[in-house]
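**Student:** Got a structure for you, entry-v1.txt, holding compact mmCIF, C-alpha atoms.
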# COMPACT_ATOMS: atom_id res chain seq x y z
CA MET F 138 34.58 2.94 -84.84
CA SER F 139 36.00 3.65 -81.38
CA HIS F 140 35.97 1.65 -78.16
CA ASP F 141 36.65 3.14 -74.74
CA THR F 142 37.96 0.24 -72.66
CA ARG F 143 37.54 2.22 -69.44
CA THR F 144 33.79 2.68 -69.87
CA GLY F 145 32.89 -0.20 -72.18
CA GLU F 146 31.49 2.27 -74.69
CA ILE F 147 31.39 1.45 -78.41
CA HIS F 148 30.85 4.23 -80.95
CA VAL F 149 30.01 3.59 -84.61
CA PRO F 150 30.22 7.15 -85.98
CA ILE F 151 28.94 6.46 -89.51
CA LEU F 152 26.48 3.79 -90.61
CA ALA F 153 27.30 2.34 -94.03
CA ARG F 154 24.86 1.23 -96.74
CA VAL F 155 21.85 3.13 -95.40
CA GLU F 156 20.04 6.13 -96.88
CA GLY F 157 21.13 9.10 -94.78
CA GLU F 158 23.47 9.86 -91.90
CA GLY F 159 23.38 8.12 -88.54
CA ALA F 160 25.51 6.62 -85.78
CA LEU F 161 25.23 3.94 -83.13
CA ASP F 162 26.43 4.33 -79.53
CA ILE F 163 26.46 1.44 -77.05
CA ARG F 164 27.55 1.31 -73.41
CA ILE F 165 28.18 -2.17 -71.98
CA ALA F 166 28.68 -2.80 -68.26
CA ALA F 167 28.73 -6.02 -66.26
CA GLY F 168 28.00 -8.08 -69.35
CA ARG F 169 24.83 -6.22 -70.30
CA ILE F 170 23.85 -3.23 -72.44
CA GLU F 171 23.46 -0.30 -70.11
CA ALA F 172 22.60 2.26 -72.81
CA LEU F 173 22.05 2.12 -76.57
CA THR F 174 21.16 4.99 -78.88
CA LEU F 175 20.64 5.04 -82.62
CA ARG F 176 21.82 8.60 -83.06
CA ILE F 177 20.47 10.48 -86.07
CA PHE F 178 22.35 13.73 -86.62
CA GLU F 179 21.14 14.89 -90.02
CA PRO F 180 19.77 18.44 -89.80
CA PRO F 181 15.98 18.53 -89.63
CA ARG F 182 14.46 19.30 -93.03
CA LEU F 183 11.22 20.92 -91.79
CA PHE F 184 9.33 19.94 -94.94
CA GLU F 185 5.91 20.19 -93.28
CA LYS F 186 6.51 23.89 -92.61
CA LEU F 187 7.68 24.40 -96.19
CA LEU F 188 4.32 23.14 -97.47
CA GLU F 189 2.31 25.87 -95.74
CA GLY F 190 0.73 28.31 -98.18
CA ARG F 191 1.16 26.02 -101.18
CA SER F 192 -1.55 24.91 -103.60
CA THR F 193 -2.65 21.29 -103.77
CA GLN F 194 -0.66 20.62 -106.94
CA ASP F 195 2.40 22.24 -105.38
CA VAL F 196 2.02 19.86 -102.44
CA ILE F 197 1.87 16.78 -104.68
CA ASP F 198 4.92 17.86 -106.67
CA SER F 199 6.84 19.05 -103.61
CA VAL F 200 6.43 15.95 -101.44
CA ALA F 201 7.90 13.85 -104.26
CA ARG F 202 11.19 15.66 -103.50
CA ILE F 203 11.24 14.46 -99.90
CA CYS F 204 12.59 11.07 -100.98
CA GLY F 205 14.35 10.07 -104.18
CA ILE F 206 13.60 6.41 -103.47
CA CYS F 207 9.92 6.69 -102.47
CA PRO F 208 8.51 9.75 -104.29
CA VAL F 209 5.36 7.87 -105.35
CA ALA F 210 4.51 6.95 -101.76
CA TYR F 211 4.63 10.58 -100.69
CA GLN F 212 2.52 11.65 -103.64
CA MET F 213 -0.08 8.93 -103.11
CA SER F 214 -0.59 9.67 -99.41
CA ALA F 215 -0.75 13.40 -100.17
CA VAL F 216 -3.23 13.11 -103.04
CA ALA F 217 -5.47 10.78 -101.01
CA ALA F 218 -5.64 13.36 -98.19
CA ILE F 219 -6.23 16.24 -100.62
CA GLU F 220 -8.98 14.44 -102.53
CA SER F 221 -10.79 13.64 -99.30
CA ILE F 222 -10.92 17.39 -98.57
CA LEU F 223 -11.91 18.44 -102.08
CA GLY F 224 -14.65 15.82 -102.29
CA VAL F 225 -13.13 14.11 -105.32
CA THR F 226 -13.61 10.37 -105.88
CA PRO F 227 -11.06 8.99 -108.37
CA SER F 228 -12.46 6.78 -111.11
CA PRO F 229 -11.88 3.01 -110.99
CA TRP F 230 -9.36 3.47 -113.84
CA VAL F 231 -7.41 6.04 -111.81
CA GLU F 232 -7.43 3.87 -108.69
CA ALA F 233 -6.17 0.87 -110.68
CA MET F 234 -3.39 2.76 -112.48
CA ARG F 235 -2.25 4.45 -109.26
CA ARG F 236 -1.88 0.99 -107.77
CA VAL F 237 0.18 -0.06 -110.79
CA MET F 238 2.43 2.98 -110.42
CA TYR F 239 2.87 2.28 -106.71
CA CYS F 240 3.83 -1.32 -107.59
CA GLY F 241 6.69 0.14 -109.60
CA GLU F 242 7.99 1.91 -106.50
CA TRP F 243 7.79 -1.25 -104.39
CA LEU F 244 9.66 -3.12 -107.08
CA GLN F 245 12.55 -0.69 -107.48
CA SER F 246 12.92 0.07 -103.76
CA HIS F 247 12.80 -3.56 -102.60
CA SER F 248 15.21 -4.67 -105.32
CA LEU F 249 17.69 -1.95 -104.40
CA HIS F 250 17.56 -2.94 -100.76
CA ILE F 251 17.85 -6.69 -101.32
CA HIS F 252 20.71 -6.67 -103.80
CA LEU F 253 22.79 -3.61 -102.95
CA LEU F 254 22.22 -3.10 -99.23
CA ALA F 255 21.14 -6.24 -97.39
CA ALA F 256 22.30 -9.38 -99.21
CA PRO F 257 26.02 -8.56 -98.78
CA ASP F 258 25.47 -8.71 -95.00
CA PHE F 259 24.11 -12.24 -95.05
CA LEU F 260 26.71 -13.51 -97.52
CA GLY F 261 29.68 -11.94 -95.71
CA TYR F 262 30.68 -9.20 -98.16
CA GLU F 263 31.58 -5.63 -97.29
CA SER F 264 29.76 -4.21 -100.33
CA ALA F 265 27.54 -5.03 -103.28
CA PRO F 266 30.39 -4.72 -105.83
CA ALA F 267 32.38 -7.28 -103.84
CA MET F 268 29.35 -9.60 -103.77
CA ALA F 269 28.81 -9.12 -107.51
CA ARG F 270 32.16 -10.76 -108.28
CA ASP F 271 30.79 -14.06 -106.93
CA TYR F 272 27.09 -13.52 -107.64
CA PRO F 273 27.04 -11.66 -110.97
CA ASP F 274 23.82 -13.21 -112.25
CA GLU F 275 21.91 -12.45 -109.05
CA VAL F 276 23.04 -8.83 -109.01
CA ARG F 277 22.21 -8.36 -112.69
CA ARG F 278 18.76 -9.82 -112.06
CA GLY F 279 18.28 -7.37 -109.21
CA LEU F 280 19.29 -4.43 -111.36
CA ARG F 281 16.89 -5.55 -114.10
CA LEU F 282 14.02 -5.74 -111.62
CA GLN F 283 14.91 -2.36 -110.17
CA GLY F 284 15.00 -0.90 -113.68
CA LEU F 285 11.60 -2.41 -114.40
CA GLY F 286 10.18 -0.68 -111.35
CA ASN F 287 11.57 2.61 -112.62
CA GLU F 288 10.01 1.91 -116.02
CA ILE F 289 6.58 1.51 -114.45
CA ILE F 290 6.92 4.79 -112.55
CA ARG F 291 8.15 6.60 -115.66
CA THR F 292 5.23 5.29 -117.74
CA PHE F 293 2.69 7.01 -115.49
CA GLY F 294 4.76 9.78 -113.92
CA GLY F 295 6.79 11.07 -116.85
CA ARG F 296 10.07 10.24 -115.10
CA SER F 297 11.18 7.71 -112.51
CA VAL F 298 12.68 10.15 -110.00
CA HIS F 299 10.35 12.83 -108.61
CA PRO F 300 7.53 11.95 -111.08
CA VAL F 301 5.14 14.67 -112.20
CA GLY F 302 2.14 12.73 -113.52
CA ILE F 303 -0.19 12.74 -110.49
CA CYS F 304 -2.80 15.44 -109.87
CA PRO F 305 -5.94 15.76 -107.72
CA GLY F 306 -8.55 13.56 -109.36
CA GLY F 307 -6.15 11.34 -111.31
CA PHE F 308 -3.28 11.71 -113.77
CA PHE F 309 -2.33 14.50 -116.16
CA HIS F 310 -1.87 11.96 -118.94
CA ALA F 311 -3.02 8.41 -119.71
CA PRO F 312 -0.32 6.18 -121.24
CA ASP F 313 -1.30 4.91 -124.68
CA ALA F 314 -2.00 1.25 -125.35
CA ALA F 315 1.32 0.69 -127.15
CA ALA F 316 3.29 1.87 -124.13
CA ILE F 317 1.37 -0.48 -121.82
CA ASP F 318 1.79 -3.40 -124.25
CA ALA F 319 5.55 -2.91 -124.22
CA LEU F 320 5.54 -2.61 -120.44
CA ARG F 321 3.54 -5.82 -120.04
CA GLU F 322 6.14 -7.81 -121.98
CA HIS F 323 8.75 -6.71 -119.47
CA LEU F 324 6.43 -7.41 -116.53
CA ALA F 325 5.82 -10.97 -117.68
CA ALA F 326 9.55 -11.62 -117.93
CA GLY F 327 10.13 -10.01 -114.54
CA LEU F 328 7.48 -12.14 -112.82
CA GLU F 329 9.45 -15.34 -113.34
CA GLU F 330 12.64 -13.63 -112.17
CA ALA F 331 10.82 -12.47 -109.03
CA ARG F 332 9.82 -16.05 -108.27
CA GLU F 333 13.45 -17.14 -108.65
CA LEU F 334 14.45 -14.30 -106.35
CA ILE F 335 12.17 -15.55 -103.56
CA THR F 336 13.86 -18.94 -103.72
CA TRP F 337 17.34 -17.38 -103.65
CA VAL F 338 16.58 -15.04 -100.75
CA ALA F 339 14.91 -17.77 -98.70
CA GLY F 340 18.12 -19.79 -99.07
CA LEU F 341 20.37 -17.08 -97.63
CA PRO F 342 21.99 -17.87 -94.26
CA LEU F 343 19.65 -15.65 -92.25
CA PRO F 344 20.26 -15.46 -88.49
CA GLU F 345 17.70 -17.02 -86.17
CA ASP F 346 16.57 -14.12 -84.02
CA ASP F 347 12.94 -14.39 -82.90
CA GLN F 348 11.64 -11.43 -80.91
CA ASP F 349 8.35 -10.09 -79.57
CA PHE F 350 7.08 -7.06 -81.47
CA VAL F 351 3.80 -5.57 -82.67
CA SER F 352 3.21 -5.63 -86.44
CA VAL F 353 1.30 -2.60 -87.76
CA SER F 354 0.13 -2.17 -91.35
CA LEU F 355 -2.81 -1.36 -93.54
CA ARG F 356 -5.39 -4.03 -94.31
CA HIS F 357 -7.70 -3.90 -97.31
CA ASP F 358 -11.06 -5.61 -97.75
CA HIS F 359 -9.71 -7.99 -100.41
CA ASP F 360 -6.37 -6.78 -101.84
CA TYR F 361 -2.86 -6.94 -100.48
CA PRO F 362 -2.62 -3.41 -99.01
CA ILE F 363 -0.79 -0.76 -101.02
CA THR F 364 -2.85 2.37 -101.68
CA ALA F 365 -5.64 2.09 -99.10
CA GLY F 366 -6.95 0.25 -96.05
CA ARG F 367 -7.55 0.43 -92.32
CA ILE F 368 -4.65 0.52 -89.86
CA VAL F 369 -4.41 -2.83 -88.07
CA SER F 370 -2.02 -4.72 -85.81
CA ASP F 371 -1.51 -8.35 -84.92
CA GLN F 372 -2.65 -7.42 -81.40
CA GLY F 373 -6.20 -6.47 -82.41
CA LEU F 374 -5.88 -2.83 -83.49
CA ASP F 375 -8.38 -1.87 -86.21
CA LEU F 376 -8.39 1.85 -86.86
CA ASP F 377 -9.56 4.30 -89.48
CA PRO F 378 -6.47 6.27 -90.64
CA ALA F 379 -8.33 9.47 -89.67
CA ASP F 380 -8.03 8.34 -86.04
CA PHE F 381 -4.28 7.67 -86.19
CA GLU F 382 -3.43 10.34 -83.61
CA GLN F 383 -5.73 8.78 -81.02
CA ARG F 384 -3.44 5.78 -80.59
CA PHE F 385 -0.07 6.75 -82.11
CA ARG F 386 2.26 9.38 -80.65
CA GLU F 387 5.43 10.92 -82.07
CA PHE F 388 8.00 12.40 -79.72
CA GLN F 389 11.50 13.85 -79.73
CA VAL F 390 14.41 12.12 -78.03
CA PRO F 391 17.59 14.01 -77.08
CA HIS F 392 19.96 11.92 -79.19
CA SER F 393 18.15 12.11 -82.54
CA THR F 394 16.81 14.62 -85.02
CA ALA F 395 14.38 11.90 -86.12
CA LEU F 396 11.18 11.57 -84.15
CA HIS F 397 10.30 8.31 -82.43
CA ALA F 398 6.78 6.89 -82.41
CA GLN F 399 4.78 4.62 -80.14
CA LEU F 400 1.45 2.82 -80.28
CA ASP F 401 -0.27 3.08 -76.90
CA GLY F 402 3.11 3.84 -75.32
CA HIS F 403 5.07 0.99 -76.91
CA PRO F 404 7.36 0.56 -79.96
CA TYR F 405 5.93 -1.14 -83.02
CA LEU F 406 7.02 -2.38 -86.44
CA VAL F 407 5.92 -1.15 -89.86
CA GLY F 408 7.19 -2.33 -93.24
CA PRO F 409 7.22 -5.50 -95.36
CA LEU F 410 7.47 -8.01 -92.52
CA ALA F 411 4.62 -6.34 -90.62
CA ARG F 412 2.51 -6.18 -93.81
CA LEU F 413 3.06 -9.84 -94.59
CA ASN F 414 2.44 -10.88 -90.98
CA ASN F 415 -0.92 -9.09 -91.06
CA ASN F 416 -1.92 -9.94 -94.62
CA LEU F 417 -0.69 -13.46 -95.31
CA ASP F 418 -4.20 -14.44 -96.42
CA ARG F 419 -4.13 -11.71 -99.06
CA LEU F 420 -1.27 -13.42 -100.91
CA PRO F 421 -2.09 -15.58 -103.93
CA GLU F 422 -2.28 -19.25 -102.96
CA GLU F 423 0.67 -20.11 -105.20
CA LEU F 424 2.91 -17.74 -103.23
CA ARG F 425 1.81 -19.19 -99.90
CA GLU F 426 2.55 -22.67 -101.22
CA LEU F 427 5.99 -21.57 -102.43
CA LEU F 428 6.87 -20.18 -98.99
CA ASP F 429 5.72 -23.43 -97.36
CA ASP F 430 7.87 -25.41 -99.78
CA LEU F 431 10.87 -23.20 -98.95
CA GLY F 432 10.31 -23.66 -95.23
CA VAL F 433 9.78 -19.95 -94.44
CA ARG F 434 6.84 -19.57 -92.08
CA PHE F 435 4.76 -16.43 -91.81
CA PRO F 436 3.65 -14.78 -89.60
CA SER F 437 7.27 -14.61 -88.48
CA ARG F 438 8.89 -13.24 -85.33
CA ASN F 439 12.34 -13.23 -86.95
CA MET F 440 13.15 -9.68 -88.05
CA PHE F 441 15.65 -11.01 -90.60
CA HIS F 442 12.75 -12.52 -92.54
CA SER F 443 12.11 -8.95 -93.70
CA ILE F 444 14.30 -9.62 -96.75
CA VAL F 445 12.11 -12.60 -97.69
CA ALA F 446 9.00 -10.44 -97.23
CA ARG F 447 10.49 -7.87 -99.62
CA ALA F 448 11.12 -10.52 -102.26
CA VAL F 449 7.55 -11.79 -101.86
CA GLU F 450 6.21 -8.25 -102.26
CA MET F 451 8.21 -7.80 -105.46
CA HIS F 452 6.32 -10.78 -106.89
CA VAL F 453 3.04 -9.31 -105.62
CA ALA F 454 3.85 -5.98 -107.29
CA LEU F 455 4.61 -7.56 -110.65
CA ALA F 456 1.55 -9.82 -110.56
CA GLU F 457 -0.68 -6.89 -109.62
CA ALA F 458 0.72 -4.68 -112.37
CA LEU F 459 0.07 -7.44 -114.91
CA ARG F 460 -3.45 -8.07 -113.62
CA LEU F 461 -4.46 -4.42 -113.60
CA THR F 462 -3.09 -3.63 -117.08
CA GLU F 463 -4.74 -6.61 -118.76
CA ASP F 464 -7.14 -5.41 -121.51
CA TYR F 465 -5.80 -1.91 -120.89
CA ASP F 466 -7.80 0.97 -122.37
CA PRO F 467 -6.49 4.53 -121.86
CA ALA F 468 -9.01 6.73 -120.09
CA ALA F 469 -10.45 9.54 -122.21
CA GLU F 470 -10.54 11.68 -119.04
CA PRO F 471 -7.59 10.65 -116.89
CA HIS F 472 -8.56 13.01 -114.08
CA ALA F 473 -11.67 14.56 -112.54
CA GLU F 474 -12.05 18.24 -111.74
CA ALA F 475 -11.15 19.19 -108.18
CA PRO F 476 -12.71 22.55 -107.13
CA ALA F 477 -11.15 24.43 -104.22
CA ARG F 478 -12.59 23.66 -100.81
CA ALA F 479 -11.51 24.15 -97.20
CA GLY F 480 -11.20 21.29 -94.77
CA VAL F 481 -8.97 18.72 -93.11
CA GLY F 482 -8.10 15.36 -94.68
CA VAL F 483 -5.94 12.32 -94.06
CA GLY F 484 -4.20 9.95 -96.46
CA CYS F 485 -2.39 6.75 -95.51
CA THR F 486 -0.69 4.34 -97.90
CA GLU F 487 1.95 1.61 -97.69
CA ALA F 488 5.35 2.96 -98.68
CA PRO F 489 7.96 0.24 -99.26
CA ARG F 490 9.20 0.83 -95.70
CA GLY F 491 5.74 0.93 -94.08
CA ILE F 492 2.68 3.09 -93.52
CA LEU F 493 3.10 6.73 -94.56
CA TRP F 494 0.49 9.00 -92.95
CA HIS F 495 -0.35 12.54 -94.15
CA ARG F 496 -2.78 15.11 -92.78
CA TYR F 497 -3.50 18.50 -94.39
CA ALA F 498 -5.66 21.43 -93.48
CA LEU F 499 -6.66 23.61 -96.48
CA ASP F 500 -8.24 27.08 -96.59
CA ASP F 501 -11.09 28.01 -98.92
CA GLN F 502 -8.57 28.60 -101.72
CA ALA F 503 -7.29 25.04 -101.22
CA ARG F 504 -3.95 26.28 -99.90
CA VAL F 505 -2.20 24.51 -97.07
CA VAL F 506 -2.74 25.93 -93.61
CA GLU F 507 -1.14 23.03 -91.77
CA ALA F 508 0.65 19.84 -92.78
CA ARG F 509 1.75 16.78 -90.83
CA ILE F 510 3.64 13.81 -92.27
CA VAL F 511 4.60 10.67 -90.34
CA PRO F 512 7.14 8.62 -92.36
CA PRO F 513 7.72 4.92 -91.73
CA THR F 514 11.34 5.26 -90.59
CA SER F 515 10.25 7.57 -87.75
CA GLN F 516 7.76 4.93 -86.72
CA ASN F 517 10.44 2.22 -86.73
CA GLN F 518 13.04 4.20 -84.76
CA ALA F 519 12.03 2.96 -81.31
CA ARG F 520 11.62 -0.61 -82.61
CA MET F 521 15.11 -0.48 -84.16
CA GLU F 522 16.68 0.46 -80.83
CA GLU F 523 14.69 -2.27 -79.08
CA ASP F 524 15.76 -4.78 -81.75
CA LEU F 525 19.43 -3.73 -81.50
CA ALA F 526 19.52 -4.29 -77.74
CA ALA F 527 17.89 -7.73 -77.99
CA SER F 528 19.79 -8.91 -81.07
CA LEU F 529 23.23 -7.78 -79.91
CA THR F 530 22.70 -9.40 -76.51
CA ARG F 531 21.70 -12.68 -78.15
CA PHE F 532 24.61 -12.38 -80.59
CA GLY F 533 27.05 -12.15 -77.68
CA LEU F 534 28.34 -8.99 -76.01
CA GLU F 535 31.65 -10.69 -75.28
CA ARG F 536 32.52 -10.67 -79.00
CA ASP F 537 35.07 -8.19 -80.31
CA ASP F 538 34.11 -4.69 -81.32
CA ASP F 539 34.24 -5.29 -85.08
CA ALA F 540 31.86 -8.23 -84.79
CA LEU F 541 29.42 -6.20 -82.68
CA ARG F 542 29.61 -3.29 -85.11
CA LEU F 543 28.92 -5.48 -88.12
CA HIS F 544 26.00 -7.18 -86.44
CA GLY F 545 24.56 -3.85 -85.28
CA GLU F 546 24.81 -2.40 -88.77
CA MET F 547 23.15 -5.52 -90.20
CA VAL F 548 20.22 -5.12 -87.79
CA ILE F 549 19.79 -1.47 -88.78
CA ARG F 550 20.09 -2.12 -92.51
CA ASN F 551 17.48 -4.87 -92.19
CA TYR F 552 14.88 -2.11 -91.65
CA ASP F 553 16.04 -0.28 -94.78
CA PRO F 554 15.81 3.02 -92.90
CA CYS F 555 15.33 6.22 -94.88
CA ILE F 556 16.97 8.54 -92.40
CA SER F 557 16.55 11.71 -94.45
CA CYS F 558 12.77 11.18 -94.52
CA ALA F 559 12.74 10.74 -90.76
CA THR F 560 14.51 14.03 -89.97
CA HIS F 561 11.52 16.19 -90.73
CA PHE F 562 11.00 17.95 -87.39
CA LEU F 563 12.96 19.18 -84.41
CA ASP F 564 11.53 20.07 -81.02
CA PHE F 565 13.33 23.36 -80.40
CA ARG F 566 13.83 24.56 -76.82
CA VAL F 567 15.74 27.55 -75.48
CA LEU F 568 16.82 27.93 -71.85
CA ARG F 569 17.94 31.44 -71.04
CA GLU F 570 19.88 32.82 -68.09
CA ASN F 571 16.91 32.96 -65.72
CA ASP F 572 15.93 29.44 -66.66
CA LEU F 573 19.44 28.19 -65.92
CA ARG F 574 19.23 29.50 -62.37
CA GLU F 575 15.98 27.66 -61.81
CA ASN F 576 16.60 24.46 -63.76
CA ASP F 577 19.32 21.90 -64.12
CA TRP F 578 20.43 22.27 -67.79
CA ARG F 579 21.48 18.65 -67.87
CA ARG F 580 18.05 17.40 -66.87
Step by step, read the file and then write its structure as structure tokens.

**Tutor:**
Amino acid sequence: MSHDTRTGEIHVPILARVEGEGALDIRIAAGRIEALTLRIFEPPRLFEKLLEGRSTQDVIDSVARICGICPVAYQMSAVAAIESILGVTPSPWVEAMRRVMYCGEWLQSHSLHIHLLAAPDFLGYESAPAMARDYPDEVRRGLRLQGLGNEIIRTFGGRSVHPVGICPGGFFHAPDAAAIDALREHLAAGLEEARELITWVAGLPLPEDDQDFVSVSLRHDHDYPITAGRIVSDQGLDLDPADFEQRFREFQVPHSTALHAQLDGHPYLVGPLARLNNNLDRLPEELRELLDDLGVRFPSRNMFHSIVARAVEMHVALAEALRLTEDYDPAAEPHAEAPARAGVGVGCTEAPRGILWHRYALDDQARVVEARIVPPTSQNQARMEEDLAASLTRFGLERDDDALRLHGEMVIRNYDPCISCATHFLDFRVLRENDLRENDWRR
């Protein structure tokens, strides 16, 4: 970190304990933040362009490589869009088992974030290994729950990283009853540990930092939203995912290779806190009672309650996986046929970090003509910058640089940003000699 005392500028060149590469620049003048940029400098990955010309199965297998932490989310949004084009309706068995598989991803991703990335911030440790010396049982519990999430993914996807089990119409293979019986034993043990985790996380010394923000998530008719739903907000938005582009806009900012996004011209929040804020009534009554007993109130305006929301969602994931695999019977036909068809389709699901929106246009051979993917971290970029400015100001700009850096990093890590997913596109512009005579290059 560097601090220019002449300008009041603070530069954090590398953000620690986040997925990907980023930096934070702040300029303070007259006791206020004059400029703040969350600077993402990873090279754009252009994965939408790389999907053009590929078959539907290539798309499903390829998008799993976009993120090593959330491969299932990318596959589920992609297959939902593709099936809507091909006119395929998955069977109730397929829909249920896809939800189970997605629960595995929520479980492993949330556990990783809570125990290895976020909890050290709130307990005053510089790293998870340092925290583990004083909290060995809690860290071991977190690793067990993360491993259980990977086991769920592997059961349906063949492997836990970049799974290969999903296809248009369903799965390539249905797990046998013995495999599900063994999995259920582990799920039952994990459910009690997840309840203990909620209590532990709710007891962490979380900062009080209420803010105004718009919570955006999916909402399902009766389930806690994971694989399907309408896009809603706590300000009255209720939108079919096919109409996403009517209200949401992505745009490039000069300081970042990650796109920013706005809803009706304003930043918004996606992710576990937004989901819980919008879907509190979809939680089991016992979970709502537990939160009341612990004194954590949702809907919440405190961004640091995101870690509690993640712990709650881990319990939801385990309970759902147990419910949906009860009386399990492997499907004789784990997938339906999906004949080639041209068209445009949209898929939107709830990745651990928030809504993940896909749109594909296919030709009559069911090959991709155009692809567009809007990851949750891109959607949270503008909200993160807004949060940083408000939280750092409330924290106290007169504090020393190390304190400001640590607090800024804690705010960013609280979103669990997946920076590599967000660097998918770059608005490329060339100004040549004639342009330079007519335009101010700096403008």

**Student:** Could you list, as a list in words, every residue within 8 Å of segment 438-449 of chain F, counting only C-alpha atoms and ignoring same-chain residues fewer than 6 positions away?

**Tutor:**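 So, after excluding close chain neighbours, the residues are His247, Ser248, Ile251, Ala255, Ala331, Leu334, Ile335, Val338, Ala339, Leu343, Pro344, Glu345, Asp346, Asp347, Gln348, Asp349, Phe350, Pro409, Leu410, Leu413, Leu424, Val548, Asn551 and Tyr552 of chain F.
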
**Student:** Got a sec: who's within 12 Å of Leu459 of chain F, counting only C-alpha atoms, leaving out chain neighbours fewer than 5 positions off, as a PyMOL selection string?

**Tutor:** chain F and resi 233-234+236-238+240-241+289+317-328+452-454+464-465

**Student:** Please list, as a tab-separated table (two decimals) with C-alpha atoms, keeping the file's coordinate frame, the residues that have an atom at most 10 Å away from (20.9, -5.4, -110.5) in the coordinates of this file, counting all atoms listed in the file.

**Tutor:**
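So the final result, stored in out-v9.tsv, reads:
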chain	number	residue	atom	x	y	z
F	248	SER	CA	15.21	-4.67	-105.32
F	249	LEU	CA	17.69	-1.95	-104.40
F	251	ILE	CA	17.85	-6.69	-101.32
F	252	HIS	CA	20.71	-6.67	-103.80
F	253	LEU	CA	22.79	-3.61	-102.95
F	265	ALA	CA	27.54	-5.03	-103.28
F	269	ALA	CA	28.81	-9.12	-107.51
F	273	PRO	CA	27.04	-11.66	-110.97
F	274	ASP	CA	23.82	-13.21	-112.25
F	275	GLU	CA	21.91	-12.45	-109.05
F	276	VAL	CA	23.04	-8.83	-109.01
F	277	ARG	CA	22.21	-8.36	-112.69
F	278	ARG	CA	18.76	-9.82	-112.06
F	279	GLY	CA	18.28	-7.37	-109.21
F	280	LEU	CA	19.29	-4.43	-111.36
F	281	ARG	CA	16.89	-5.55	-114.10
F	282	LEU	CA	14.02	-5.74	-111.62
F	283	GLN	CA	14.91	-2.36	-110.17
F	284	GLY	CA	15.00	-0.90	-113.68

**Student:** Would you pick out the contacts of Val298 of chain F at 12 Å or less, using only C-alpha atoms, so that residues sharing its chain but fewer than 2 positions from it are not included, and give the list as a ChimeraX atom specification?

**Tutor:** /F:198,201-209,241-242,245-246,284,286-296,300-302

**Student:** What is the atom CA of Ala267 of chain F to atom CA of Gly432 of chain F distance in Å?

**Tutor:**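 We find that atom CA of Ala267 of chain F and atom CA of Gly432 of chain F lie 28.8 Å from each other.
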
**Student:** Counting only C-alpha atoms, find residues at most 8 Å from (0.8, 17.6, -94.7) (file frame) and give them as a list in words.

**Tutor:**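 Residues lying no farther than 8 Å from the given point: Glu185, Leu188, Ala215, His495, Arg496, Tyr497, Ala498, Val505, Glu507, Ala508, Arg509 and Ile510 of chain F.
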
**Student:** Skip Asp313 of chain F itself and residues of its chain fewer than 3 positions away, then list as a list in words all residues within 8 Å of it, counting all atoms listed in the file.

**Tutor:**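 Everything that qualifies: Ala316, Ile317, Asp466 and Pro467 of chain F.
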